[in-house]
file my_file-v6.tsv (TSV, C-alpha atoms)
chain	number	residue	atom	x	y	z
A	842	MET	CA	11.50	18.99	1.60
A	843	THR	CA	9.77	20.17	-1.57
A	844	VAL	CA	6.90	18.09	-2.93
A	845	GLN	CA	7.07	17.42	-6.65
A	846	LEU	CA	3.79	18.28	-8.40
A	847	CYS	CA	3.79	16.02	-11.45
A	848	ASP	CA	2.16	16.80	-14.78
A	849	ASP	CA	0.91	13.23	-15.22
A	850	ALA	CA	1.04	9.77	-13.69
A	851	ASP	CA	3.90	8.67	-15.93
A	852	GLU	CA	6.11	11.40	-14.50
A	853	ALA	CA	5.00	10.46	-11.00
A	854	VAL	CA	6.17	6.83	-11.23
A	855	ALA	CA	9.40	7.52	-13.12
A	856	GLY	CA	12.44	5.83	-11.62
A	857	ILE	CA	10.71	2.94	-9.82
A	858	GLU	CA	13.27	0.14	-10.05
A	859	ASP	CA	12.96	-3.55	-10.80
A	860	GLY	CA	12.74	-5.61	-7.61
A	861	SER	CA	11.12	-2.82	-5.59
A	862	THR	CA	8.70	-3.42	-2.75
A	863	VAL	CA	5.64	-1.35	-3.60
A	864	LEU	CA	2.97	-0.54	-1.02
A	865	VAL	CA	-0.37	-0.04	-2.78
A	866	GLY	CA	-3.24	1.63	-0.94
A	867	GLY	CA	-6.85	0.65	-1.35
A	868	PHE	CA	-9.57	-1.48	0.18
A	869	GLY	CA	-10.84	-3.29	-2.86
A	870	MET	CA	-11.18	-0.43	-5.32
A	871	ALA	CA	-11.82	2.22	-2.62
A	872	GLY	CA	-8.78	4.45	-2.57
A	873	MET	CA	-6.97	2.36	-5.19
A	874	PRO	CA	-4.53	4.62	-7.13
A	875	VAL	CA	-5.47	3.15	-10.50
A	876	ALA	CA	-3.84	5.87	-12.61
A	877	LEU	CA	-0.52	5.32	-10.84
A	878	ILE	CA	-0.74	1.56	-11.29
A	879	ASP	CA	-1.53	1.96	-14.99
A	880	ALA	CA	1.48	4.27	-15.28
A	881	LEU	CA	3.64	1.71	-13.49
A	882	ILE	CA	2.59	-0.85	-16.10
A	883	ARG	CA	3.70	1.51	-18.86
A	884	GLN	CA	6.91	2.32	-16.97
A	885	GLY	CA	7.93	-1.34	-17.06
A	886	ALA	CA	9.34	-2.09	-13.59
A	887	THR	CA	9.24	-5.81	-12.92
A	888	ASP	CA	10.06	-8.46	-10.27
A	889	LEU	CA	8.03	-6.39	-7.81
A	890	THR	CA	6.80	-7.27	-4.35
A	891	VAL	CA	3.37	-5.70	-3.88
A	892	VAL	CA	1.91	-5.10	-0.43
A	893	SER	CA	-1.82	-4.39	-0.45
A	894	ASN	CA	-5.02	-5.32	1.30
A	895	ASN	CA	-6.05	-7.67	-1.49
A	896	ALA	CA	-4.63	-9.14	-4.69
A	897	GLY	CA	-6.63	-7.25	-7.28
A	898	ASN	CA	-10.18	-6.95	-8.54
A	899	GLY	CA	-11.39	-7.80	-12.01
A	900	ASP	CA	-8.97	-6.81	-14.75
A	901	THR	CA	-8.06	-3.26	-13.74
A	902	GLY	CA	-5.70	-1.61	-11.29
A	903	LEU	CA	-3.60	-4.08	-9.33
A	904	ALA	CA	-5.05	-7.03	-11.26
A	905	ALA	CA	-3.79	-5.50	-14.51
A	906	LEU	CA	-0.28	-5.18	-13.05
A	907	LEU	CA	-0.36	-8.83	-12.02
A	908	ALA	CA	-1.65	-9.89	-15.43
A	909	LYS	CA	1.42	-8.30	-17.07
A	910	GLY	CA	3.68	-10.62	-15.06
A	911	ARG	CA	5.42	-7.75	-13.31
A	912	VAL	CA	4.82	-8.98	-9.73
A	913	ARG	CA	6.93	-11.68	-8.12
A	914	LYS	CA	5.22	-11.71	-4.74
A	915	VAL	CA	2.03	-10.41	-3.15
A	916	VAL	CA	1.74	-9.67	0.57
A	917	CYS	CA	-1.92	-9.18	1.45
A	918	SER	CA	-4.85	-10.09	3.68
A	919	PHE	CA	-7.47	-11.16	1.14
A	920	PRO	CA	-5.89	-12.80	-1.92
A	921	ARG	CA	-9.11	-14.44	-3.09
A	922	GLN	CA	-12.55	-13.00	-3.71
A	923	SER	CA	-15.30	-13.29	-6.30
A	924	ASP	CA	-13.41	-11.31	-8.96
A	925	SER	CA	-9.78	-12.20	-8.19
A	926	HIS	CA	-9.44	-14.44	-11.25
A	927	VAL	CA	-6.13	-12.91	-12.36
A	928	PHE	CA	-4.38	-13.66	-9.10
A	929	ASP	CA	-6.09	-17.05	-8.80
A	930	GLY	CA	-4.79	-18.14	-12.19
A	931	LEU	CA	-1.24	-16.97	-11.51
A	932	TYR	CA	-1.10	-18.59	-8.09
A	933	LEU	CA	-2.50	-21.93	-9.24
A	934	ALA	CA	0.04	-21.94	-12.06
A	935	GLY	CA	2.88	-21.32	-9.60
A	936	ARG	CA	3.76	-18.01	-11.23
A	937	ILE	CA	3.44	-15.79	-8.16
A	938	GLU	CA	4.35	-16.00	-4.47
A	939	LEU	CA	1.91	-15.21	-1.68
A	940	GLU	CA	2.32	-14.14	1.93
A	941	VAL	CA	-0.99	-13.96	3.76
A	942	VAL	CA	-1.06	-11.47	6.64
A	943	PRO	CA	-4.15	-10.92	8.85
A	944	GLN	CA	-5.58	-7.50	8.08
A	945	GLY	CA	-4.89	-5.90	11.46
A	946	ASN	CA	-1.36	-7.31	11.45
A	947	LEU	CA	-0.80	-5.94	7.96
A	948	ALA	CA	-1.82	-2.43	8.98
A	949	GLU	CA	0.23	-2.61	12.19
A	950	ARG	CA	3.34	-4.01	10.49
A	951	ILE	CA	3.25	-1.12	8.02
A	952	ARG	CA	2.58	1.38	10.82
A	953	ALA	CA	5.48	-0.08	12.80
A	954	ALA	CA	7.82	0.60	9.90
A	955	GLY	CA	6.75	4.23	9.84
A	956	ALA	CA	7.03	4.58	13.61
A	957	GLY	CA	10.50	3.06	13.85
A	958	ILE	CA	9.35	0.02	15.84
A	959	GLY	CA	11.74	-2.92	15.44
A	960	ALA	CA	9.13	-5.63	15.99
A	961	PHE	CA	6.05	-6.28	18.13
A	962	PHE	CA	4.13	-9.16	19.66
A	963	CYS	CA	0.54	-9.76	18.50
A	964	PRO	CA	-1.90	-12.59	19.36
A	965	THR	CA	-3.48	-12.76	15.91
A	966	GLY	CA	-2.42	-15.91	14.08
A	967	ALA	CA	-1.07	-17.68	17.15
A	968	GLY	CA	-1.58	-21.42	16.91
A	969	THR	CA	-2.15	-21.34	13.13
A	970	VAL	CA	0.03	-21.97	10.10
A	971	LEU	CA	0.59	-18.20	9.88
A	972	ALA	CA	2.74	-18.45	13.02
A	973	GLU	CA	4.94	-21.29	11.80
A	974	GLY	CA	8.63	-20.42	12.04
A	975	LYS	CA	7.97	-17.27	14.06
A	976	GLU	CA	8.99	-16.53	17.63
A	977	THR	CA	6.15	-16.80	20.14
A	978	ARG	CA	5.84	-15.70	23.74
A	979	VAL	CA	3.22	-16.21	26.42
A	980	ILE	CA	2.20	-12.88	27.98
A	981	ASP	CA	-0.40	-12.81	30.76
A	982	GLY	CA	-1.40	-16.34	29.84
A	983	ARG	CA	-1.95	-15.64	26.15
A	984	THR	CA	0.29	-16.66	23.25
A	985	TYR	CA	1.67	-13.85	21.10
A	986	VAL	CA	3.57	-13.97	17.80
A	987	LEU	CA	6.53	-11.73	16.97
A	988	GLU	CA	5.81	-9.67	13.86
A	989	HIS	CA	8.26	-7.49	11.95
A	990	PRO	CA	7.67	-4.19	10.13
A	991	ILE	CA	6.86	-4.02	6.42
A	992	ARG	CA	8.77	-1.24	4.68
A	993	GLY	CA	8.37	-0.16	1.08
A	994	ASP	CA	10.72	1.28	-1.46
A	995	VAL	CA	7.69	3.04	-2.94
A	996	ALA	CA	4.12	3.69	-1.78
A	997	LEU	CA	1.34	4.40	-4.27
A	998	ILE	CA	-1.66	5.89	-2.51
A	999	GLY	CA	-4.90	7.61	-3.46
A	1000	ALA	CA	-6.39	10.63	-1.69
A	1001	HIS	CA	-9.24	13.05	-2.27
A	1002	ARG	CA	-7.37	16.34	-2.14
A	1003	ALA	CA	-3.86	17.72	-1.71
A	1004	ASP	CA	-2.47	21.19	-1.33
A	1005	ARG	CA	0.72	22.35	-2.99
A	1006	MET	CA	2.77	21.25	0.03
A	1007	GLY	CA	1.48	17.69	-0.24
A	1008	ASN	CA	-0.89	17.69	2.74
A	1009	LEU	CA	-3.57	15.07	2.07
A	1010	VAL	CA	-7.26	14.67	2.83
A	1011	TYR	CA	-9.03	11.37	2.17
A	1012	ARG	CA	-12.67	10.70	1.34
A	1013	LYS	CA	-14.66	8.22	3.45
A	1014	THR	CA	-13.57	4.57	2.97
A	1015	ALA	CA	-10.78	5.65	0.62
A	1016	ARG	CA	-8.97	6.51	3.85
A	1017	ASN	CA	-7.75	2.99	4.55
A	1018	PHE	CA	-4.11	1.96	4.18
A	1019	GLY	CA	-2.94	5.24	2.66
A	1020	PRO	CA	-2.08	7.06	5.90
A	1021	VAL	CA	0.12	4.27	7.29
A	1022	MET	CA	1.71	3.47	3.94
A	1023	ALA	CA	2.69	7.11	3.52
A	1024	THR	CA	4.90	6.81	6.61
A	1025	ALA	CA	6.55	3.53	5.65
A	1026	ALA	CA	8.13	3.98	2.22
A	1027	THR	CA	11.23	5.69	0.91
A	1028	THR	CA	9.30	7.37	-1.92
A	1029	VAL	CA	5.60	8.18	-1.50
A	1030	ILE	CA	3.50	9.04	-4.54
A	1031	ALA	CA	-0.05	10.30	-4.12
A	1032	GLN	CA	-2.77	10.34	-6.74
A	1033	VAL	CA	-5.41	12.92	-5.83
A	1034	GLY	CA	-8.62	14.19	-7.35
A	1035	GLU	CA	-7.77	17.83	-6.73
A	1036	ILE	CA	-4.76	20.00	-5.93
A	1037	VAL	CA	-5.55	23.26	-4.14
A	1038	ASP	CA	-3.44	26.19	-3.03
A	1039	THR	CA	-1.63	25.96	0.28
A	1040	GLY	CA	-3.88	27.24	3.06
A	1041	VAL	CA	-7.15	26.14	1.45
A	1042	ILE	CA	-7.27	22.89	3.41
A	1043	ASP	CA	-8.24	23.32	7.06
A	1044	PRO	CA	-5.23	22.02	9.04
A	1045	GLU	CA	-7.64	20.19	11.35
A	1046	THR	CA	-8.71	17.97	8.44
A	1047	VAL	CA	-5.24	17.01	7.20
A	1048	VAL	CA	-4.69	13.27	7.65
A	1049	THR	CA	-1.29	12.82	6.01
A	1050	PRO	CA	1.10	15.77	6.46
A	1051	GLY	CA	3.04	16.78	3.39
A	1052	ILE	CA	6.35	15.91	5.06
A	1053	TYR	CA	5.65	12.27	4.17
A	1054	ILE	CA	4.83	12.92	0.50
A	1055	ASP	CA	7.36	13.09	-2.32
A	1056	ARG	CA	5.23	13.37	-5.45
A	1057	VAL	CA	1.62	14.35	-6.15
A	1058	VAL	CA	-0.35	13.99	-9.36
A	1059	GLN	CA	-3.91	15.08	-10.05
A	1060	GLU	CA	-5.97	12.32	-11.67
A	1061	ALA	CA	-9.70	11.67	-11.78
A	1062	GLY	CA	-11.24	8.85	-9.80
A	1063	THR	CA	-9.82	9.24	-6.29

call {"tool": "encode", "arguments": {"input": "my_file-v6.tsv", "output": "structure tokens"}}
result
Amino acid sequence: MTVQLCDDADEAVAGIEDGSTVLVGGFGMAGMPVALIDALIRQGATDLTVVSNNAGNGDTGLAALLAKGRVRKVVCSFPRQSDSHVFDGLYLAGRIELEVVPQGNLAERIRAAGAGIGAFFCPTGAGTVLAEGKETRVIDGRTYVLEHPIRGDVALIGAHRADRMGNLVYRKTARNFGPVMATAATTVIAQVGEIVDTGVIDPETVVTPGIYIDRVVQEAGT
């Protein structure tokens, strides 16, 4: 597979369809692929399901996408925080759906999609409203909840550096959901701060192998 090195973010997000499930990396703004999200706003895809750790910060990045009314549903762990006013307003007005997933479950459900796991049992959420309607099983005296994988049509992730084959290196806390999301989507688009020649990156430091990456674009801020 040949990785497409894109001239700009608009080229990178071309072809994302209405109704897509979009996995968006980031922990707050750490590792958030803001340039790709801004390009997605310009591209115009709508009726999206967005899977991310949280539901946007301030008025930029994911919050800006929500503000444009392009997102039908958010699947996340932390929908509300001190600067989540965009999501808060949409949710209170009944203009957006929400599925809350505990953070560890979110990461594991995405990882399960990439690993080809059909479903798994997890104790987190057992006995709470998050388990309502789900199959449960008692294992070694503890109640577990059956969780299913989360797959994406597209993943938008941010990394520190890529080579021309798409191998990725992340920087500190920006290495959060990106590695698992890169395995769990049909099309994976990476925004990176630098693209270097193949062979420059020490193979021992590669976190996401280029085999998972479809498109790479160099943009500041990752």

call {"tool": "closest_residue", "arguments": {"input": "my_file-v6.tsv", "among": "A:Pro1044, A:Gly902, A:Gly966, A:Gly1034", "to": "A:Ala876", "atoms": "all atoms listed in the file"}}
result
A:Gly902

call {"tool": "residues_around", "arguments": {"input": "my_file-v6.tsv", "residues": "stretch 995-1012 of chain A", "least_positions_apart": "3", "cutoff": "7 Å", "atoms": "all atoms listed in the file", "output": "PyMOL selection string"}}
result
chain A and resi 844+862-866+872-874+877+1015-1016+1019+1022-1023+1026-1039+1042+1046-1051+1054+1057+1063

call {"tool": "atom_distance", "arguments": {"input": "my_file-v6.tsv", "atom1": "atom CA of A:Gln884", "atom2": "atom CA of A:Val1021"}}
result
25.3 Å

call {"tool": "atom_distance", "arguments": {"input": "my_file-v6.tsv", "atom1": "atom CA of A:Gly957", "atom2": "atom CA of A:Arg992"}}
result
10.3 Å

call {"tool": "residues_around", "arguments": {"input": "my_file-v6.tsv", "residues": "A:Ala1025", "least_positions_apart": "4", "cutoff": "7 Å", "atoms": "only C-alpha atoms", "output": "list in words"}}
result
Ile951, Arg952, Ala954, Gly955, Arg992, Gly993 and Val1021 of chain A

call {"tool": "write_last_selection", "arguments": {"input": "my_file-v6.tsv", "atoms": "C-alpha atoms", "output": "mmCIF file, in the coordinates of the input"}}
result
data_model
loop_
_atom_site.group_PDB
_atom_site.id
_atom_site.type_symbol
_atom_site.label_atom_id
_atom_site.label_comp_id
_atom_site.auth_asym_id
_atom_site.auth_seq_id
_atom_site.Cartn_x
_atom_site.Cartn_y
_atom_site.Cartn_z
ATOM 1 C CA ILE A 951 3.250 -1.120 8.020
ATOM 2 C CA ARG A 952 2.580 1.380 10.820
ATOM 3 C CA ALA A 954 7.820 0.600 9.900
ATOM 4 C CA GLY A 955 6.750 4.230 9.840
ATOM 5 C CA ARG A 992 8.770 -1.240 4.680
ATOM 6 C CA GLY A 993 8.370 -0.160 1.080
ATOM 7 C CA VAL A 1021 0.120 4.270 7.290
#

call {"tool": "axis_aligned_box", "arguments": {"input": "my_file-v6.tsv", "around": "stretch 885-891 of chain A", "padding_each_side": "5 Å", "output": "lines of an AutoDock Vina configuration file"}}
result
center_x = 6.7
center_y = -4.9
center_z = -10.5
size_x = 16.7
size_y = 17.1
size_z = 23.2

call {"tool": "residues_near_point", "arguments": {"input": "my_file-v6.tsv", "point": "(-0.3, -9.0, -11.4)", "cutoff": "10 Å", "atoms": "only C-alpha atoms", "output": "list in words"}}
result
Ile882, Leu889, Val891, Ala896, Gly897, Asp900, Thr901, Gly902, Leu903, Ala904, Ala905, Leu906, Leu907, Ala908, Lys909, Gly910, Arg911, Val912, Arg913, Lys914, Val915, Val927, Phe928, Leu931, Arg936 and Ile937 of chain A

call {"tool": "closest_residue", "arguments": {"input": "my_file-v6.tsv", "among": "A:Ala850, A:Val875, A:Leu971, A:Cys963", "to": "A:Tyr985", "atoms": "all atoms listed in the file"}}
result
A:Cys963
